[in-house]
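Colleague: Submitted below is the structure of interest, expressed as structure tokens.
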Protein chains: 2
Amino acid sequence: MQKKNGPGQAWPHVIIVGGGFGGTHAAHALRHAPVRVTVIDRTNHSVFHPLLYQVATAALSSDEIAAPIRSLLRRQPNTDVLMAEVTGIDVDRRLVRIGAHELAYDYLVLASGSEYNYFGHDEWARHAPSLKTVTDARRIRSRIIQTFEQAEQETDPDRVHALLTFVLVGGGPTGVEMAGALAELTRYAIAPEYRHIDTRSARILLFEAGPRLLAAFPERLARKAQAELQRKGVEVYTGAAVSTVDASGVVVAGRHIPSANVIWTAGVKASPLGAQLGAPTDRLGRVKVQPDLSIPGHGEVFLVGDLMVLEQQGRPFSPGLAPVAIQQGAYVGKRIAQQVAGQGDTKPFAYRNKGNLATIGRAFAIADLGWLKFSGLLAWLLWGGVHLVYLTNLWNRVQVFATWLWAYMTYDRAVRVLTPDSLQSDIQVAPQAEMRAVGADGAPLEDRM
Amino acid sequence: MQKKNGPGQAWPHVIIVGGGFGGTHAAHALRHAPVRVTVIDRTNHSVFHPLLYQVATAALSSDEIAAPIRSLLRRQPNTDVLMAEVTGIDVDRRLVRIGAHELAYDYLVLASGSEYNYFGHDEWARHAPSLKTVTDARRIRSRIIQTFEQAEQETDPDRVHALLTFVLVGGGPTGVEMAGALAELTRYAIAPEYRHIDTRSARILLFEAGPRLLAAFPERLARKAQAELQRKGVEVYTGAAVSTVDASGVVVAGRHIPSANVIWTAGVKASPLGAQLGAPTDRLGRVKVQPDLSIPGHGEVFLVGDLMVLEQQGRPFSPGLAPVAIQQGAYVGKRIAQQVAGQGDTKPFAYRNKGNLATIGRAFAIADLGWLKFSGLLAWLLWGGVHLVYLTNLWNRVQVFATWLWAYMTYDRAVRVLTPDSLQSDIQVAPQAEMRAVGADGAPLEDRM
């Protein structure tokens with residue numbers, strides 16, 4: 001079954017854990033190096049996280065922003081891709097564990113990213129899903145569509161109100177972008193399709209525990225983003241910490257808000273694999289790395305992306321941004337290639353900040369390029385262009401561009417397939433006790449029209 | 001919550017069960033009639049069945065060939081859409097049951113289609129999924145992708161052989177089209193992406209119990225289709241009935257064929273709802289309808305599509321084709337509108353056969369237009385054009401055309417996202433006992449490269 005000329009048997013083995021931005025860029029940087037590379041990921045695809053909220057809000061199909069890792073690395077004969085879940089790491093024996101199996105490495109690149117942080121309340125995850133993976137995005141989308149289907153059939157006005165109340169917990173980029181997208185979904189895209197509910201009356205509440213939205217952006221831009229959200233009908237509450245999440249909704253500042261659709265967009269913490277390295281971590285589980293992104297005492301173990309924290313000018317640097325993971329992945333790949341070639345020390349990693357963008361629905365975004373800060377249509381066009389350029393492959397670029405153009409012209413949201421197997425039991429659609437179609441008393445549908 | 005001007009309260013109520021070709025065309029034909037229409041479907045979308053096999057073989061995304069029923073009927077204020085499963089029908093009391101609820105109708109259009117027929121062996125469904133819904137197609141696709149992932153990690157040659165053996169049971173259009181698509185997937189699209197297996201060596205076996213493929217086509221065209229399949233590397237066996245299906249593969253003519261990927265493309269039977277009408281049915285559960293598609297004694301109950309069988313010139317007519325469902329749906333909608341308007345008898349339903357097409361991979365199809373029968377590239381272009389024209393909406397047309405064009409130029413199959421939650425336990429990918437990455441003896445990956 002061995003069809004390809006493999007790399008040399010004696011070549012050092014580089015294991016890369018995680019096929020996201022950091023992992024694939026590290027692998028790519030090693031494509032001409034005399035090493036054998038194995039990329040391990042629990043899924044078979046690399047997902048473009050910055051657009052995941054558009055999958056969750058029915059604007060894009062998950063297939064448009066994800067590409068098989070194999071496909072991305074197909075032209076690298078020295079690279080193997082393994083769909084498996086890494087369950088442990090032994091840095092002393094230089095082994096990665098996959099269940100009962102062990103895989104030896106000479107160099108390790110840990111790029112397994114982050115997961116959402118429920119701040120000690122993991123039980124909230126059931127009622128307030130977060131948005132990290134394709135599965136998450138599809139689940140949130142199914143839940144949103146299902147909510148409207150149920151509201152259309154519901155006769156109890158309180159229940160309809162809860163079904164049409166969307167709560168976003170956390171005012172970072174994901175929360176802000178989700179809020180904007182939800183506002184457009186409910187205000188325009190689907191409004192003409194329902195007969196018994198007015199989706200335009202849906203409430204979209206964005207709660208942020210901190211004093212303002214978008215803490216990573218300059219205050220002036222964050223204020224503009226907030227004003228634009230409010231103009232689009234989103235209710236924004238800052239200094240508002242959520243104290244309880246359950247099936248009935250959330251409690252904020254002692255007040256219970258009934259909602260069938262709570263989405264968790266608050267902070268993240270590092271993937272738990274980082275803790276297995278024996279290196280010091282911060283309170284979010286991020287591993288403290290040296291200036292070359294390796295860990296103390298193990299120059300062959302590197303961390304990139306959300307998983308690491310770097311001390312820079314006395315301040316922790318770990319912004320959780322795609323460009324950071326991309327640049328770090330490329331840096332580490334190059335550094336390993338140099339070490340294998342016996343070349344001396346390279347320069348420490350330095351992030352080249354090209355800017356920071358966030359969008360709030362159609363025709364509005366904020367842009368912080370450092371030397372220039374602006375908002376509005378121009379920032380939105382820049383946002384669109386940058387995201388298209390960074391999409392994983394050409395075909396995804398073509399598809400996303402076409403879909404955006406179509407959506408811009410028509411306000412349509414085409415990606416709304418709901419299958420019986422994706423129904424979520426805690427918001428069962430039908431049949432239910434108070435179904436609109438016909439009440440328990442046998443009152444037929446027609447009485448309500 | 002009542003935002004729209006509903007139709008008149010006294011208007012007759014038409015219930016349409018099923019939002020496929022027949023159901024949506026019936027609803028559409030009633031858009032200007034003084035009736036209230038309720039379309040009930042267990043999903044929220046209408047799927048373009050003739051291209052479902054392309055979703056199952058990673059050529060198209062399910063979002064590209066499905067559209068929300070609500071969206072298709074959004075411009076009809078007299079039409080309600082209900083996502084619910086009809087569990088019973090009482091033609092005497094003129095009621096449709098949804099669980100414990102009842103919904104009254106004045107006219108009923110039953111368009112709930114067909115399901116696959118395992119000929120008394122429903123337990124085979126677990127090991128040999130069929131292709132009727134979006135969920136089916138996604139499941140088959142996940143299974144196929146997962147098979148290659150597992151084969152890549154597998155060390156036992158027999159197991160690799162079983163993993164790379166695809167069995168299609170049934171040589172009708174779905175079986176033939178699936179076989180052609182699988183041949184291209186394994187021969188071209190993904191071949192460069194695997195390091196340890198040669199996907200081009202995958203066996204694709206098509207078993208047909210009858211004497212030839214494509215019984216609905218003229219024999220000459222069927223022979224051409226078979227030759228083309230064989231040219232593409234598909235092994236075709238006619239007169240070959242499958243006697244057993246289990247987790248290890250199939251038994252055909254007393255011979256066991258190990259396979260991890262058996263797909264059921266044999267006959268269909270009518271949706272079980274038809275049996276509840278009290279009208280005579282044939283052995284496949286199809287309801288025998290009168291020339292106007294109503295049932296005897298109930299001129300207000302109509303059946304369209306795969307669910308009905310019509311006596312025509314002494315022969316049963318129920319070809320299970322999309323154009324039949326479309327024409328019947330439109331006919332019944334028009335007939336109900338005429339009855340409501342107090343107009344006399346309309347003409348009986350007559351099928352206008354515009355032709356029959358089937359495709360075998362790229363650049364080859366067969367076309368039977370009655371007066372003209374041909375095969376090859378021209379038939380393939382006709383096939384593509386016809387399918388694009390009949391796609392449910394403009395955006396789907398644009399997307400599918402672009403995807404086809406891209407695939408034709410690049411041989412790429414972009415739709416291959418596999419998530420951990422879609423893994424199927426009977427062909428677990430990793431970790432497993434004989435994982436290639438590293439054996440139980442600790443033999444590392446590199447020994448195998």
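Within each chain, counting starts at residue 1; across the structure tokens, chains are named A, B, ... in the order shown, with ligands numbered 1 upward in that order.
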Contacts of segment 221-230 of chain B at 9 Å or less, counting only C-alpha atoms, minus same-chain residues fewer than 3 places along, as a ChimeraX atom specification?
Modeller: /B:176,179-180,183,212-218,233-236,358-361,364-368,373-376
Colleague: What lies within 6 Å of segment 133-149 of chain B using only C-alpha atoms, ignoring chain neighbours under 2 positions off, as a compact mmCIF listing (two decimals) with C-alpha atoms, in the first residue's frame?
Modeller:
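Generated output (selection_11.txt):
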# COMPACT_ATOMS: atom_id res chain seq x y z
CA VAL B 55 -23.87 15.55 -1.39
CA ALA B 56 -23.15 11.98 -0.31
CA THR B 57 -19.99 11.93 -2.44
CA LEU B 131 -30.06 8.00 0.42
CA ALA B 151 -7.60 3.07 6.15
CA GLU B 152 -4.72 5.55 6.30
CA LEU B 163 -12.19 -0.31 4.19
Colleague: What lies within 9 Å of segment 262-272 of chain B using only C-alpha atoms, ignoring chain neighbours under 4 positions off, as a CSV table (one decimal) with N, CA and C atoms, in the first residue's frame?
Modeller:
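And here is the file that came out, out.csv:
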chain,number,residue,atom,x,y,z
B,111,ALA,N,-48.3,14.1,0.0
B,111,ALA,CA,-47.1,14.1,-0.8
B,111,ALA,C,-45.8,13.8,0.0
B,112,SER,N,-46.0,12.8,0.8
B,112,SER,CA,-44.9,12.4,1.8
B,112,SER,C,-43.9,11.5,1.2
B,113,GLY,N,-44.0,11.2,-0.1
B,113,GLY,CA,-42.9,10.5,-0.8
B,113,GLY,C,-42.7,9.0,-0.5
B,114,SER,N,-41.5,8.6,-0.6
B,114,SER,CA,-41.2,7.2,-0.4
B,114,SER,C,-40.0,7.1,0.5
B,115,GLU,N,-39.8,5.9,1.0
B,115,GLU,CA,-38.6,5.5,1.7
B,115,GLU,C,-37.9,4.3,1.2
B,116,TYR,N,-36.7,4.0,1.6
B,116,TYR,CA,-36.0,2.9,1.0
B,116,TYR,C,-36.7,1.6,1.5
B,117,ASN,N,-36.6,0.6,0.6
B,117,ASN,CA,-37.2,-0.7,0.9
B,117,ASN,C,-36.1,-1.7,1.1
B,118,TYR,N,-36.0,-2.2,2.3
B,118,TYR,CA,-35.0,-3.3,2.6
B,118,TYR,C,-35.6,-4.7,2.5
B,119,PHE,N,-36.8,-4.7,1.9
B,119,PHE,CA,-37.4,-6.0,1.5
B,119,PHE,C,-37.5,-6.9,2.8
B,124,TRP,N,-30.8,-4.3,8.1
B,124,TRP,CA,-29.7,-4.0,7.2
B,124,TRP,C,-29.4,-2.5,7.1
B,125,ALA,N,-30.4,-1.7,7.4
B,125,ALA,CA,-30.3,-0.2,7.3
B,125,ALA,C,-29.1,0.3,8.1
B,127,HIS,N,-26.2,-1.0,8.6
B,127,HIS,CA,-24.9,-1.3,7.9
B,127,HIS,C,-24.9,-0.8,6.5
B,128,ALA,N,-26.1,-0.6,5.9
B,128,ALA,CA,-26.2,-0.2,4.5
B,128,ALA,C,-27.1,1.0,4.4
B,129,PRO,N,-26.6,2.2,4.8
B,129,PRO,CA,-27.5,3.4,4.8
B,129,PRO,C,-28.1,3.6,3.4
B,130,SER,N,-29.2,4.2,3.3
B,130,SER,CA,-29.8,4.6,2.0
B,130,SER,C,-29.8,6.1,1.9
B,131,LEU,N,-30.3,6.6,0.8
B,131,LEU,CA,-30.1,8.0,0.4
B,131,LEU,C,-31.4,8.7,0.1
B,140,ILE,N,-23.8,9.4,5.0
B,140,ILE,CA,-23.0,8.6,4.0
B,140,ILE,C,-21.7,9.2,3.7
B,165,THR,N,-13.2,-1.1,0.1
B,165,THR,CA,-14.2,-1.7,-0.8
B,165,THR,C,-15.6,-1.1,-0.6
B,166,PHE,N,-16.1,-0.5,-1.7
B,166,PHE,CA,-17.4,0.2,-1.6
B,166,PHE,C,-18.4,-0.7,-2.3
B,167,VAL,N,-19.5,-1.0,-1.7
B,167,VAL,CA,-20.5,-1.9,-2.3
B,167,VAL,C,-21.8,-1.1,-2.4
B,168,LEU,N,-22.3,-1.0,-3.6
B,168,LEU,CA,-23.6,-0.4,-3.9
B,168,LEU,C,-24.6,-1.5,-4.2
B,169,VAL,N,-25.7,-1.5,-3.5
B,169,VAL,CA,-26.7,-2.5,-3.7
B,169,VAL,C,-27.9,-1.9,-4.4
B,170,GLY,N,-28.0,-2.2,-5.7
B,170,GLY,CA,-29.1,-1.7,-6.5
B,170,GLY,C,-28.6,-0.9,-7.7
B,171,GLY,N,-28.9,-1.3,-8.9
B,171,GLY,CA,-28.4,-0.6,-10.1
B,171,GLY,C,-29.4,0.3,-10.8
B,172,GLY,N,-30.2,1.0,-10.0
B,172,GLY,CA,-31.1,2.1,-10.6
B,172,GLY,C,-30.3,3.3,-10.7
B,173,PRO,N,-30.9,4.4,-11.0
B,173,PRO,CA,-30.2,5.7,-11.2
B,173,PRO,C,-29.3,6.1,-10.1
B,174,THR,N,-29.8,5.9,-8.8
B,174,THR,CA,-29.0,6.4,-7.7
B,174,THR,C,-27.8,5.5,-7.6
B,175,GLY,N,-27.9,4.2,-7.7
B,175,GLY,CA,-26.7,3.3,-7.6
B,175,GLY,C,-25.7,3.7,-8.7
B,176,VAL,N,-26.2,3.9,-9.9
B,176,VAL,CA,-25.3,4.2,-11.1
B,176,VAL,C,-24.6,5.5,-10.9
B,178,MET,N,-24.2,7.2,-8.0
B,178,MET,CA,-23.2,7.1,-6.9
B,178,MET,C,-21.9,6.4,-7.3
B,208,GLU,N,-26.7,-5.6,-8.9
B,208,GLU,CA,-28.1,-5.4,-9.3
B,208,GLU,C,-28.7,-6.8,-9.4
B,245,VAL,N,-26.5,-8.6,4.7
B,245,VAL,CA,-25.7,-7.4,4.9
B,245,VAL,C,-25.5,-7.3,6.4
B,249,GLY,N,-19.7,-6.8,5.9
B,249,GLY,CA,-19.9,-6.6,4.5
B,249,GLY,C,-21.2,-7.2,4.0
B,250,VAL,N,-21.1,-7.8,2.8
B,250,VAL,CA,-22.3,-8.4,2.2
B,250,VAL,C,-22.0,-9.8,1.7
B,276,GLN,N,-52.8,4.7,5.8
B,276,GLN,CA,-53.9,5.1,6.8
B,276,GLN,C,-55.1,5.6,6.1
B,283,ARG,N,-48.3,-3.7,-3.5
B,283,ARG,CA,-47.4,-4.4,-2.5
B,283,ARG,C,-46.3,-3.5,-2.0
B,284,LEU,N,-46.1,-2.3,-2.7
B,284,LEU,CA,-45.1,-1.4,-2.2
B,284,LEU,C,-45.7,-0.3,-1.3
B,285,GLY,N,-47.0,-0.5,-0.9
B,285,GLY,CA,-47.7,0.5,-0.1
B,285,GLY,C,-48.1,1.7,-0.8
B,286,ARG,N,-48.1,1.7,-2.2
B,286,ARG,CA,-48.5,2.9,-2.9
B,286,ARG,C,-50.0,2.9,-3.1
B,287,VAL,N,-50.6,4.0,-2.9
B,287,VAL,CA,-52.1,4.1,-2.9
B,287,VAL,C,-52.6,4.2,-4.3
B,306,ASP,N,-44.3,9.8,-5.4
B,306,ASP,CA,-43.9,8.4,-5.1
B,306,ASP,C,-45.0,7.6,-4.4
B,307,LEU,N,-45.9,8.3,-3.7
B,307,LEU,CA,-46.9,7.7,-2.8
B,307,LEU,C,-48.0,7.0,-3.5
B,308,MET,N,-48.2,7.4,-4.8
B,308,MET,CA,-49.4,7.0,-5.5
B,308,MET,C,-49.0,6.0,-6.6
B,320,GLY,N,-41.7,7.2,-9.9
B,320,GLY,CA,-40.8,7.8,-8.8
B,320,GLY,C,-39.8,8.8,-9.3
Colleague: From a DSSP pass on the backbone, collect the residues of segment 122-205 of chain A flagged as strand (DSSP E) and hand them back as JSON, numbers by chain.
Modeller: {"A": [165, 166, 167, 168, 169, 203, 204, 205]}
Colleague: As JSON, numbers by chain, which residues of segment 261-389 of chain B does DSSP assign to helix (DSSP H, G or I)?
Modeller: {"B": [272, 273, 274, 275, 276, 277, 305, 306, 307, 322, 323, 324, 325, 326, 327, 328, 329, 330, 331, 332, 333, 334, 335, 336, 337, 338, 339, 340, 377, 378, 379, 380, 381, 382, 383, 384, 385, 386, 387, 388, 389]}
Colleague: Tell me, as a VMD selection string, which residues lie within 12 Å of Gly254 of chain A, counting only C-alpha atoms; anything in the same chain fewer than 4 positions away does not count.
Modeller: chain A and resid 240 to 244 250
Colleague: Any chance you can output those residues with C-alpha atoms as a CSV table (one decimal), in the first residue's frame?
Modeller:
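The resulting file, out05.csv, is reproduced below:
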chain,number,residue,atom,x,y,z
A,240,ALA,CA,-23.5,43.5,33.6
A,241,ALA,CA,-22.3,40.2,34.8
A,242,VAL,CA,-24.4,37.1,34.3
A,243,SER,CA,-24.8,35.3,37.6
A,244,THR,CA,-26.9,32.3,36.5
A,250,VAL,CA,-30.2,34.1,32.6
Colleague: Please list as a list in words every residue within 9 Å of segment 408-412 of chain B, counting only C-alpha atoms and excluding residues in the same chain fewer than 3 positions away.
Modeller: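 The residues that qualify are Ala59, Glu184, Leu185, Tyr188, Ala189, Ile190, Arg362, Thr403, Trp404 and Leu405 of chain B.
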Colleague: Go ahead and compute the interatomic distance for atom CA of Trp371 of chain A and atom CA of Lys354 of chain A, in Å to one decimal.
Modeller: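 These atoms are spaced 10.1 Å apart.
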Colleague: Excluding Phe48 of chain B and any residue of its chain fewer than 3 positions from it, enumerate the residues within 12 Å of it, using only C-alpha atoms, and give them as a VMD selection string.
Modeller: chain B and resid 19 to 22 24 45 51 to 55 60 to 69 132 to 134 137 321 to 323 326 387 to 393 396 to 397 400
Colleague: With N, CA and C atoms retained, write the just-selected residues as an mmCIF file, in the first residue's frame.
Modeller:
data_model
loop_
_atom_site.group_PDB
_atom_site.id
_atom_site.type_symbol
_atom_site.label_atom_id
_atom_site.label_comp_id
_atom_site.auth_asym_id
_atom_site.auth_seq_id
_atom_site.Cartn_x
_atom_site.Cartn_y
_atom_site.Cartn_z
ATOM 1 N N GLY B 19 -43.109 18.594 1.991
ATOM 2 C CA GLY B 19 -42.657 19.814 1.328
ATOM 3 C C GLY B 19 -41.640 19.548 0.231
ATOM 4 N N GLY B 20 -41.749 18.401 -0.413
ATOM 5 C CA GLY B 20 -40.848 18.080 -1.520
ATOM 6 C C GLY B 20 -41.369 18.657 -2.830
ATOM 7 N N PHE B 21 -41.008 18.024 -3.921
ATOM 8 C CA PHE B 21 -41.428 18.516 -5.240
ATOM 9 C C PHE B 21 -42.953 18.615 -5.333
ATOM 10 N N GLY B 22 -43.646 17.534 -4.974
ATOM 11 C CA GLY B 22 -45.101 17.504 -5.111
ATOM 12 C C GLY B 22 -45.773 18.529 -4.214
ATOM 13 N N THR B 24 -44.621 21.294 -2.593
ATOM 14 C CA THR B 24 -44.394 22.721 -2.848
ATOM 15 C C THR B 24 -45.069 23.163 -4.145
ATOM 16 N N HIS B 45 -37.037 22.039 5.270
ATOM 17 C CA HIS B 45 -36.514 22.353 3.946
ATOM 18 C C HIS B 45 -37.045 21.412 2.868
ATOM 19 N N LEU B 51 -29.940 15.452 -6.902
ATOM 20 C CA LEU B 51 -28.519 15.727 -6.683
ATOM 21 C C LEU B 51 -28.029 15.291 -5.309
ATOM 22 N N LEU B 52 -28.868 14.580 -4.581
ATOM 23 C CA LEU B 52 -28.486 14.151 -3.240
ATOM 24 C C LEU B 52 -27.233 13.273 -3.266
ATOM 25 N N TYR B 53 -27.088 12.482 -4.330
ATOM 26 C CA TYR B 53 -25.903 11.609 -4.390
ATOM 27 C C TYR B 53 -24.626 12.436 -4.477
ATOM 28 N N GLN B 54 -24.714 13.663 -4.970
ATOM 29 C CA GLN B 54 -23.518 14.503 -5.022
ATOM 30 C C GLN B 54 -23.159 15.049 -3.642
ATOM 31 N N VAL B 55 -24.159 15.192 -2.781
ATOM 32 C CA VAL B 55 -23.873 15.554 -1.388
ATOM 33 C C VAL B 55 -23.196 14.371 -0.695
ATOM 34 N N LEU B 60 -21.135 18.306 -3.576
ATOM 35 C CA LEU B 60 -21.931 19.488 -3.254
ATOM 36 C C LEU B 60 -22.189 19.529 -1.757
ATOM 37 N N SER B 61 -22.407 20.740 -1.259
ATOM 38 C CA SER B 61 -22.830 20.903 0.129
ATOM 39 C C SER B 61 -24.346 20.756 0.198
ATOM 40 N N SER B 62 -24.850 20.183 1.282
ATOM 41 C CA SER B 62 -26.298 20.008 1.383
ATOM 42 C C SER B 62 -27.014 21.354 1.333
ATOM 43 N N ASP B 63 -26.344 22.412 1.769
ATOM 44 C CA ASP B 63 -26.968 23.733 1.724
ATOM 45 C C ASP B 63 -27.178 24.217 0.288
ATOM 46 N N GLU B 64 -26.448 23.627 -0.643
ATOM 47 C CA GLU B 64 -26.564 24.063 -2.032
ATOM 48 C C GLU B 64 -27.769 23.452 -2.741
ATOM 49 N N ILE B 65 -28.320 22.373 -2.202
ATOM 50 C CA ILE B 65 -29.447 21.733 -2.893
ATOM 51 C C ILE B 65 -30.696 21.664 -2.024
ATOM 52 N N ALA B 66 -30.713 22.422 -0.935
ATOM 53 C CA ALA B 66 -31.904 22.445 -0.083
ATOM 54 C C ALA B 66 -32.253 23.891 0.220
ATOM 55 N N ALA B 67 -33.534 24.170 0.305
ATOM 56 C CA ALA B 67 -33.987 25.522 0.627
ATOM 57 C C ALA B 67 -35.125 25.421 1.638
ATOM 58 N N PRO B 68 -35.194 26.354 2.593
ATOM 59 C CA PRO B 68 -36.296 26.300 3.549
ATOM 60 C C PRO B 68 -37.647 26.393 2.826
ATOM 61 N N ILE B 69 -38.583 25.550 3.219
ATOM 62 C CA ILE B 69 -39.911 25.561 2.598
ATOM 63 C C ILE B 69 -40.561 26.931 2.778
ATOM 64 N N LYS B 132 -32.101 9.153 1.118
ATOM 65 C CA LYS B 132 -33.390 9.783 0.858
ATOM 66 C C LYS B 132 -33.438 11.215 1.365
ATOM 67 N N THR B 133 -32.674 11.517 2.424
ATOM 68 C CA THR B 133 -32.767 12.828 3.068
ATOM 69 C C THR B 133 -31.384 13.464 3.162
ATOM 70 N N VAL B 134 -31.393 14.742 3.521
ATOM 71 C CA VAL B 134 -30.138 15.456 3.765
ATOM 72 C C VAL B 134 -29.338 14.757 4.864
ATOM 73 N N ALA B 137 -27.638 11.749 3.406
ATOM 74 C CA ALA B 137 -26.505 12.108 2.548
ATOM 75 C C ALA B 137 -25.294 12.514 3.382
ATOM 76 N N LEU B 321 -40.295 9.663 -10.259
ATOM 77 C CA LEU B 321 -39.432 10.690 -10.838
ATOM 78 C C LEU B 321 -39.871 12.072 -10.382
ATOM 79 N N ALA B 322 -38.895 12.967 -10.236
ATOM 80 C CA ALA B 322 -39.197 14.331 -9.826
ATOM 81 C C ALA B 322 -40.213 15.012 -10.741
ATOM 82 N N PRO B 323 -40.083 14.915 -12.073
ATOM 83 C CA PRO B 323 -41.049 15.615 -12.935
ATOM 84 C C PRO B 323 -42.489 15.145 -12.727
ATOM 85 N N ILE B 326 -43.732 16.889 -9.601
ATOM 86 C CA ILE B 326 -43.925 18.313 -9.898
ATOM 87 C C ILE B 326 -45.227 18.510 -10.676
ATOM 88 N N HIS B 387 -30.823 20.036 -14.659
ATOM 89 C CA HIS B 387 -30.798 20.033 -13.199
ATOM 90 C C HIS B 387 -30.639 21.440 -12.639
ATOM 91 N N LEU B 388 -29.862 22.247 -13.308
ATOM 92 C CA LEU B 388 -29.723 23.628 -12.840
ATOM 93 C C LEU B 388 -31.054 24.360 -12.938
ATOM 94 N N VAL B 389 -31.755 24.165 -14.056
ATOM 95 C CA VAL B 389 -33.029 24.865 -14.262
ATOM 96 C C VAL B 389 -34.045 24.463 -13.200
ATOM 97 N N TYR B 390 -34.046 23.192 -12.829
ATOM 98 C CA TYR B 390 -35.063 22.720 -11.884
ATOM 99 C C TYR B 390 -34.687 22.925 -10.425
ATOM 100 N N LEU B 391 -33.468 23.370 -10.155
ATOM 101 C CA LEU B 391 -33.079 23.600 -8.756
ATOM 102 C C LEU B 391 -34.041 24.588 -8.114
ATOM 103 N N THR B 392 -34.209 24.445 -6.792
ATOM 104 C CA THR B 392 -35.306 25.129 -6.121
ATOM 105 C C THR B 392 -35.267 26.653 -6.195
ATOM 106 N N ASN B 393 -34.102 27.253 -6.157
ATOM 107 C CA ASN B 393 -34.109 28.704 -6.290
ATOM 108 C C ASN B 393 -32.847 29.199 -6.981
ATOM 109 N N ASN B 396 -29.349 28.720 -5.245
ATOM 110 C CA ASN B 396 -28.857 27.354 -5.357
ATOM 111 C C ASN B 396 -28.307 27.087 -6.755
ATOM 112 N N ARG B 397 -29.001 27.617 -7.759
ATOM 113 C CA ARG B 397 -28.530 27.434 -9.127
ATOM 114 C C ARG B 397 -27.131 28.025 -9.325
ATOM 115 N N VAL B 400 -24.528 25.874 -7.307
ATOM 116 C CA VAL B 400 -24.245 24.552 -7.858
ATOM 117 C C VAL B 400 -23.469 24.684 -9.166
#
Colleague: Could you tell me how far atom CA of Ala341 of chain A lies from atom CA of Pro12 of chain A, in Å and to one decimal?
Modeller: 11.0 Å
Colleague: Can you work out the spacing between atom CA of Arg203 of chain A and atom CA of His256 of chain A in Å, to one decimal?
Modeller: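 Between atom CA of Arg203 of chain A and atom CA of His256 of chain A the gap is 14.8 Å.
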Colleague: Ranking B:Thr87, B:Gln76, B:Ser201, B:Thr419 by minimum distance to Leu103 of chain B and counting only C-alpha atoms, which one comes first?
Modeller: B:Thr87
Colleague: Could you give me, as a PyMOL selection string, the residues within 12 Å of segment 313-315 of chain A, counting only C-alpha atoms and dropping anything in the same chain fewer than 4 positions from it?
Modeller: chain A and resi 288+291+309+319+350
Colleague: Could the residues in this selection be saved with C-alpha atoms as a PDB file, in the first residue's frame?
Modeller:
ATOM      1  CA  LYS A 288       4.507  30.820  29.646  1.00  0.00           C
ATOM      2  CA  PRO A 291      11.077  34.557  23.493  1.00  0.00           C
ATOM      3  CA  VAL A 309       1.509  33.589  26.797  1.00  0.00           C
ATOM      4  CA  PRO A 319      -4.216  38.338  22.184  1.00  0.00           C
ATOM      5  CA  ALA A 350       8.156  39.456  17.208  1.00  0.00           C
TER       6      ALA A 350
END
